[in-house]
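As stored in data-v9.cif (mmCIF, C-alpha atoms):
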data_structure
#
loop_
_atom_site.label_atom_id
_atom_site.label_comp_id
_atom_site.auth_asym_id
_atom_site.auth_seq_id
_atom_site.Cartn_x
_atom_site.Cartn_y
_atom_site.Cartn_z
CA MET A 1 116.61 66.22 -40.59
CA ALA A 2 114.92 62.82 -40.68
CA MET A 3 111.14 62.75 -40.75
CA ASN A 4 110.79 59.38 -39.03
CA LEU A 5 107.36 58.85 -40.56
CA THR A 6 105.52 55.61 -39.92
CA GLY A 7 102.81 54.28 -42.18
CA LYS A 8 102.36 54.11 -45.93
CA ALA A 9 103.01 56.59 -48.74
CA ASP A 10 101.55 56.83 -52.25
CA LEU A 11 104.29 58.56 -54.22
CA HIS A 12 102.61 59.01 -57.61
CA THR A 13 99.36 60.97 -58.04
CA HIS A 14 98.03 63.52 -60.53
CA THR A 15 95.67 66.44 -60.09
CA THR A 16 93.84 69.07 -62.13
CA ALA A 17 97.20 70.83 -62.47
CA SER A 18 97.87 68.28 -65.24
CA ASP A 19 95.52 65.53 -66.40
CA GLY A 20 94.00 64.40 -63.12
CA MET A 21 90.33 64.82 -62.19
CA GLN A 22 90.75 65.94 -58.57
CA ARG A 23 92.13 69.16 -57.20
CA PRO A 24 95.42 68.82 -55.27
CA ALA A 25 93.64 69.35 -51.94
CA ASP A 26 91.20 66.57 -52.83
CA ASN A 27 94.03 64.09 -53.40
CA VAL A 28 95.40 64.95 -49.98
CA ALA A 29 92.00 64.55 -48.34
CA ILE A 30 91.52 61.14 -49.99
CA ALA A 31 94.95 60.03 -48.79
CA LYS A 32 94.10 61.14 -45.27
CA ALA A 33 90.78 59.28 -45.37
CA LYS A 34 92.57 56.13 -46.53
CA GLY A 35 94.95 56.30 -43.58
CA LEU A 36 98.12 57.12 -45.50
CA ALA A 37 101.00 58.91 -43.82
CA ALA A 38 102.12 60.71 -46.97
CA ILE A 39 101.15 61.44 -50.56
CA ALA A 40 103.17 62.86 -53.44
CA ILE A 41 101.83 65.29 -56.02
CA THR A 42 103.58 64.42 -59.29
CA ASP A 43 101.81 66.24 -62.10
CA HIS A 44 103.08 66.06 -65.67
CA ASP A 45 105.67 68.76 -66.39
CA THR A 46 104.26 71.19 -63.83
CA VAL A 47 104.46 71.97 -60.12
CA ASP A 48 101.37 74.20 -60.10
CA GLY A 49 99.46 71.90 -57.74
CA ILE A 50 102.04 71.63 -54.98
CA ASP A 51 101.26 74.76 -52.95
CA GLU A 52 97.56 73.91 -52.64
CA ALA A 53 98.43 70.34 -51.65
CA MET A 54 100.94 71.52 -49.06
CA GLU A 55 98.35 73.77 -47.45
CA ALA A 56 95.88 70.89 -47.31
CA GLY A 57 98.53 68.64 -45.83
CA GLU A 58 99.23 71.09 -43.02
CA ARG A 59 95.52 71.44 -42.33
CA LEU A 60 94.83 67.70 -42.35
CA GLY A 61 98.02 66.51 -40.70
CA ILE A 62 99.39 64.45 -43.59
CA THR A 63 102.81 64.79 -45.22
CA VAL A 64 102.78 66.05 -48.81
CA VAL A 65 105.79 65.23 -50.96
CA PRO A 66 106.52 67.85 -53.65
CA GLY A 67 107.09 66.12 -56.96
CA VAL A 68 106.83 66.21 -60.73
CA GLU A 69 106.66 63.70 -63.59
CA ILE A 70 108.82 64.85 -66.48
CA SER A 71 107.96 63.69 -69.99
CA THR A 72 110.97 62.54 -72.01
CA VAL A 73 111.70 60.42 -75.08
CA ALA A 74 114.51 57.98 -75.81
CA GLU A 75 114.78 55.63 -78.77
CA GLY A 76 111.25 56.64 -79.78
CA ILE A 77 109.81 55.55 -76.43
CA ASP A 78 107.98 57.84 -74.00
CA ILE A 79 109.93 57.68 -70.75
CA HIS A 80 108.70 59.40 -67.59
CA VAL A 81 111.07 60.54 -64.86
CA LEU A 82 109.77 61.39 -61.42
CA GLY A 83 111.45 64.10 -59.39
CA TYR A 84 110.99 64.59 -55.64
CA TYR A 85 111.94 67.40 -53.26
CA MET A 86 113.44 69.67 -55.90
CA ASP A 87 113.25 73.39 -55.15
CA TRP A 88 109.92 73.75 -56.92
CA LYS A 89 109.67 77.50 -56.25
CA ASP A 90 112.98 78.30 -57.95
CA SER A 91 112.49 80.54 -61.00
CA GLY A 92 115.09 78.65 -63.03
CA TRP A 93 113.35 75.34 -62.40
CA ARG A 94 109.95 76.80 -63.30
CA SER A 95 111.39 78.28 -66.48
CA LYS A 96 112.56 74.83 -67.57
CA LEU A 97 109.12 73.36 -66.92
CA GLU A 98 107.55 76.11 -69.00
CA ARG A 99 109.57 74.83 -71.95
CA LEU A 100 108.07 71.38 -71.42
CA LEU A 101 104.55 72.79 -71.31
CA THR A 102 105.19 74.46 -74.65
CA LEU A 103 106.14 71.06 -76.08
CA ARG A 104 102.98 69.55 -74.60
CA GLU A 105 100.91 72.22 -76.31
CA GLN A 106 102.69 71.46 -79.58
CA ARG A 107 101.96 67.77 -79.16
CA ASN A 108 98.27 68.45 -78.50
CA GLU A 109 98.08 70.55 -81.67
CA MET A 110 99.72 67.77 -83.69
CA ILE A 111 97.25 65.22 -82.34
CA ILE A 112 94.30 67.49 -83.11
CA GLU A 113 95.59 67.99 -86.64
CA LYS A 114 95.75 64.22 -87.15
CA LEU A 115 92.25 63.77 -85.70
CA ASN A 116 90.95 66.44 -88.05
CA GLY A 117 92.60 64.60 -90.93
CA LEU A 118 90.69 61.50 -89.88
CA GLY A 119 87.43 63.43 -90.18
CA MET A 120 86.92 64.28 -86.51
CA ALA A 121 85.87 67.83 -85.68
CA VAL A 122 88.02 68.45 -82.60
CA THR A 123 89.56 71.82 -81.71
CA LEU A 124 92.02 73.04 -79.13
CA GLN A 125 89.18 75.09 -77.65
CA ASP A 126 87.22 71.87 -77.12
CA ILE A 127 90.16 70.45 -75.16
CA GLU A 128 90.56 73.60 -73.06
CA ASP A 129 86.82 73.70 -72.30
CA GLU A 130 86.89 70.05 -71.23
CA ALA A 131 89.83 70.71 -68.90
CA ARG A 132 88.19 73.77 -67.32
CA ALA A 133 84.91 71.89 -66.85
CA HIS A 134 86.73 69.60 -64.42
CA GLY A 135 88.33 72.33 -62.34
CA LYS A 136 91.56 72.88 -64.23
CA ASP A 137 92.85 76.44 -64.04
CA SER A 138 96.59 76.06 -64.74
CA GLY A 139 99.29 73.56 -65.60
CA SER A 140 99.39 71.08 -68.46
CA MET A 141 96.76 69.39 -70.62
CA GLY A 142 97.23 65.87 -71.88
CA ARG A 143 95.77 63.03 -73.87
CA PRO A 144 93.08 62.14 -71.29
CA HIS A 145 91.51 65.55 -71.95
CA ILE A 146 91.52 64.84 -75.69
CA ALA A 147 90.06 61.39 -75.08
CA ALA A 148 87.24 62.90 -73.02
CA VAL A 149 86.35 65.20 -75.93
CA LEU A 150 86.31 62.26 -78.34
CA ILE A 151 83.87 60.48 -76.03
CA LYS A 152 81.68 63.56 -75.65
CA LYS A 153 81.49 64.01 -79.43
CA GLY A 154 80.60 60.35 -79.94
CA TYR A 155 83.72 59.33 -81.85
CA VAL A 156 84.59 56.65 -79.30
CA GLY A 157 82.73 54.94 -76.51
CA SER A 158 85.39 54.87 -73.81
CA MET A 159 88.77 56.15 -72.68
CA GLN A 160 90.28 52.80 -73.52
CA GLU A 161 88.93 52.93 -77.07
CA ALA A 162 90.19 56.51 -77.50
CA PHE A 163 93.72 55.48 -76.58
CA ASP A 164 93.71 52.15 -78.40
CA ARG A 165 92.44 53.62 -81.68
CA TYR A 166 93.87 57.12 -81.69
CA LEU A 167 96.06 58.28 -78.79
CA ALA A 168 98.39 55.52 -77.63
CA GLN A 169 101.87 55.10 -79.07
CA GLY A 170 101.49 53.70 -82.58
CA ALA A 171 97.78 54.60 -82.82
CA ALA A 172 96.26 56.63 -85.68
CA ALA A 173 96.56 60.12 -84.16
CA TYR A 174 99.59 59.61 -81.94
CA ALA A 175 102.17 62.37 -82.14
CA ASN A 176 105.46 62.94 -80.40
CA PRO A 177 107.48 66.07 -81.17
CA PRO A 178 111.16 66.17 -80.16
CA ARG A 179 111.23 66.03 -76.38
CA LEU A 180 113.72 66.12 -73.54
CA HIS A 181 115.99 63.06 -73.23
CA PRO A 182 115.79 61.17 -69.89
CA PHE A 183 119.44 62.02 -69.19
CA GLU A 184 118.54 65.72 -69.39
CA ALA A 185 115.64 65.23 -66.98
CA LEU A 186 117.98 63.54 -64.49
CA ALA A 187 120.32 66.53 -64.73
CA TRP A 188 117.49 69.04 -64.28
CA ILE A 189 116.26 67.29 -61.14
CA ARG A 190 119.78 67.00 -59.76
CA GLU A 191 120.49 70.69 -60.40
CA ALA A 192 117.26 71.61 -58.59
CA GLY A 193 118.35 69.63 -55.53
CA GLY A 194 115.85 66.84 -56.06
CA THR A 195 115.89 63.04 -56.25
CA SER A 196 115.20 61.31 -59.58
CA VAL A 197 113.19 58.11 -59.99
CA ILE A 198 112.34 56.18 -63.17
CA ALA A 199 108.55 55.96 -63.36
CA HIS A 200 106.72 52.68 -64.17
CA PRO A 201 109.62 51.00 -66.04
CA GLY A 202 107.45 48.01 -66.86
CA LEU A 203 105.50 50.10 -69.38
CA TYR A 204 108.48 50.73 -71.66
CA GLY A 205 109.18 47.22 -72.88
CA ASN A 206 112.90 47.95 -72.90
CA ASP A 207 114.79 47.02 -69.75
CA GLU A 208 118.13 47.67 -71.44
CA LEU A 209 117.13 51.32 -71.86
CA VAL A 210 116.00 51.40 -68.23
CA ARG A 211 119.47 50.18 -67.24
CA GLU A 212 121.08 52.93 -69.32
CA ILE A 213 119.03 55.57 -67.51
CA VAL A 214 120.00 54.05 -64.17
CA ALA A 215 123.66 54.07 -65.19
CA ASP A 216 123.38 57.76 -66.07
CA GLY A 217 122.39 58.64 -62.53
CA ALA A 218 118.76 57.83 -61.74
CA GLN A 219 118.57 57.51 -57.97
CA GLY A 220 115.45 55.41 -57.68
CA ILE A 221 113.02 53.18 -59.51
CA GLU A 222 109.24 52.87 -59.20
CA VAL A 223 108.95 49.17 -58.44
CA TYR A 224 105.33 49.23 -57.26
CA HIS A 225 102.88 50.69 -59.78
CA SER A 226 99.27 50.03 -60.71
CA ASP A 227 100.32 48.62 -64.11
CA HIS A 228 103.08 46.37 -62.78
CA ASP A 229 102.44 42.71 -62.07
CA GLU A 230 104.35 40.52 -59.59
CA ALA A 231 106.93 39.58 -62.22
CA ASP A 232 107.62 43.27 -62.92
CA GLU A 233 107.98 43.99 -59.23
CA ALA A 234 110.41 41.12 -58.72
CA ARG A 235 112.49 42.14 -61.75
CA TYR A 236 112.80 45.78 -60.72
CA LEU A 237 113.44 44.94 -57.08
CA LYS A 238 116.39 42.89 -58.29
CA LEU A 239 117.55 45.82 -60.45
CA ALA A 240 117.23 48.16 -57.46
CA GLU A 241 119.37 45.85 -55.35
CA GLU A 242 121.95 45.54 -58.11
CA PHE A 243 122.40 49.30 -58.46
CA GLY A 244 121.57 50.42 -54.92
CA LEU A 245 118.47 52.33 -56.03
CA ILE A 246 115.75 53.82 -53.86
CA VAL A 247 112.60 51.68 -54.20
CA THR A 248 109.40 53.69 -54.61
CA GLY A 249 105.80 53.03 -55.52
CA GLY A 250 102.53 54.73 -56.20
CA SER A 251 99.08 54.41 -57.70
CA ASP A 252 99.54 56.89 -60.59
CA PHE A 253 96.05 58.09 -59.65
CA HIS A 254 94.40 60.32 -62.26
CA GLY A 255 90.85 60.23 -60.92
CA GLU A 256 87.71 58.60 -62.23
CA ARG A 257 86.47 58.85 -65.81
CA GLN A 258 83.37 56.96 -66.98
CA GLY A 259 83.37 55.02 -63.75
CA VAL A 260 86.95 53.82 -64.26
CA ILE A 261 89.81 54.93 -62.02
CA PHE A 262 93.07 55.55 -63.94
CA HIS A 263 95.58 53.99 -63.29
CA GLY A 264 94.77 53.00 -59.73
CA ASP A 265 93.04 54.50 -56.71
CA ILE A 266 95.01 56.50 -54.16
CA GLY A 267 96.65 54.08 -51.76
CA SER A 268 96.33 51.06 -54.06
CA ARG A 269 100.13 50.99 -54.48
CA THR A 270 102.31 52.24 -51.66
CA VAL A 271 105.70 51.98 -49.99
CA ASP A 272 106.73 52.49 -46.42
CA ALA A 273 106.80 56.19 -45.58
CA SER A 274 110.34 55.81 -44.22
CA VAL A 275 111.53 56.02 -47.85
CA LEU A 276 110.91 59.78 -47.67
CA ASP A 277 114.14 60.13 -45.71
CA LEU A 278 116.00 58.66 -48.71
CA LEU A 279 114.18 60.86 -51.21
CA ASN A 280 114.75 63.95 -49.08
CA PRO A 281 118.23 63.60 -47.56
CA ALA A 282 118.50 67.35 -47.01
CA GLY A 283 115.34 67.31 -44.90
CA LEU A 284 113.57 69.99 -46.96
CA ALA A 285 110.08 70.95 -45.85
#
Do you think you could lay out the structure here as structure tokens?
Amino acid sequence: MAMNLTGKADLHTHTTASDGMQRPADNVAIAKAKGLAAIAITDHDTVDGIDEAMEAGERLGITVVPGVEISTVAEGIDIHVLGYYMDWKDSGWRSKLERLLTLREQRNEMIIEKLNGLGMAVTLQDIEDEARAHGKDSGSMGRPHIAAVLIKKGYVGSMQEAFDRYLAQGAAAYANPPRLHPFEALAWIREAGGTSVIAHPGLYGNDELVREIVADGAQGIEVYHSDHDEADEARYLKLAEEFGLIVTGGSDFHGERQGVIFHGDIGSRTVDASVLDLLNPAGLA
């Protein structure tokens, strides 16, 4: 059943269910205020925010796309795979995501251990308290929560400094336990009836690897992203045409920290809402 939506859609946003600053209903309300036709909730390794967002969407008259952003690793590079319209209520699907949350917790503990080794008094309780202070009651915790604690304790002056010095790939406290491979994430999404999309490929610095993931069955590619420039967009549009991929885009909104919106504000990167018919060929609600 085609949706025949007109208008724009932001297909990449995060909420307090993972490492965003706004509740799912708040993201939906912001999208409505900005005149969008649709917004996707794509939290890291969890679907805990979808139900709340769906309810808000019905109330406000805006389409909410159920999604997820799965954390994977290939060739030592963090690769994120977006999934849309999978059966997010299925117990088997949720069980798989629980495994990913366990890995996230392990990663957080490894980072904290490295920070402690660098002389910084940071605990897992500090991270949990920081997350709860901003409305988080379930889902996954990530590096932005750790960065916020480092700022609060005076070890760094900004989110950017926290990532550059300690949390980004290759930085002093970076950690990456064995994670899911992108090919496995594609299979998980496919088995759950969803559509898979490679998130922000321009951040990986390895287009050959992106091509390998496409060849393994990725159905779409996030051409428009807050961290992509015009050259990135042109390159991935060409790749999409070459492989017949669905072209998506989104802000990757995480909310505002220290007056800075990460990565972009809701609606700052969009695609035509008609793409939802491609992402949701079965017409799932």
Taking the file as I've supplied it (selection: the PyMOL selection byres ((chain A and resi 168-185) around 7)), which residues are included? Please answer as a PyMOL selection string.
chain A and resi 70+72-74+79+81+107+110-111+114-115+163-167+186-189+213+216
Selected residues written out, C-alpha atoms, as a PDB file, in the frame of the given file:
ATOM      1  CA  ILE A  70     108.820  64.850 -66.480  1.00  0.00           C
ATOM      2  CA  THR A  72     110.970  62.540 -72.010  1.00  0.00           C
ATOM      3  CA  VAL A  73     111.700  60.420 -75.080  1.00  0.00           C
ATOM      4  CA  ALA A  74     114.510  57.980 -75.810  1.00  0.00           C
ATOM      5  CA  ILE A  79     109.930  57.680 -70.750  1.00  0.00           C
ATOM      6  CA  VAL A  81     111.070  60.540 -64.860  1.00  0.00           C
ATOM      7  CA  ARG A 107     101.960  67.770 -79.160  1.00  0.00           C
ATOM      8  CA  MET A 110      99.720  67.770 -83.690  1.00  0.00           C
ATOM      9  CA  ILE A 111      97.250  65.220 -82.340  1.00  0.00           C
ATOM     10  CA  LYS A 114      95.750  64.220 -87.150  1.00  0.00           C
ATOM     11  CA  LEU A 115      92.250  63.770 -85.700  1.00  0.00           C
ATOM     12  CA  PHE A 163      93.720  55.480 -76.580  1.00  0.00           C
ATOM     13  CA  ASP A 164      93.710  52.150 -78.400  1.00  0.00           C
ATOM     14  CA  ARG A 165      92.440  53.620 -81.680  1.00  0.00           C
ATOM     15  CA  TYR A 166      93.870  57.120 -81.690  1.00  0.00           C
ATOM     16  CA  LEU A 167      96.060  58.280 -78.790  1.00  0.00           C
ATOM     17  CA  LEU A 186     117.980  63.540 -64.490  1.00  0.00           C
ATOM     18  CA  ALA A 187     120.320  66.530 -64.730  1.00  0.00           C
ATOM     19  CA  TRP A 188     117.490  69.040 -64.280  1.00  0.00           C
ATOM     20  CA  ILE A 189     116.260  67.290 -61.140  1.00  0.00           C
ATOM     21  CA  ILE A 213     119.030  55.570 -67.510  1.00  0.00           C
ATOM     22  CA  ASP A 216     123.380  57.760 -66.070  1.00  0.00           C
TER      23      ASP A 216
END
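As for CA of His14 in chain A and CA of Asp272 in chain A, they are spaced 19.9 Å apart.
Compared by their closest atoms to Leu276 in chain A, and using only C-alpha atoms, the residues A:Val156, A:Ala38, A:Ile112, A:Leu103 rank with A:Ala38 nearest.
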Dump as a ChimeraX atom specification all residues having an atom at most 9 Å from (116.8, 60.0, -57.9), computed in the file's coordinates with all atoms listed in the file.
/A:82-84,186,189-190,194-198,217-221,245-246,279
If you measure from CA of Glu113 in chain A to CA of Tyr155 in chain A, what distance in Å do you get, rounded to one decimal?
15.5 Å
Can you tell me how far CA of Ile146 in chain A sits from CA of Gly119 in chain A, in Å to one decimal?
15.1 Å
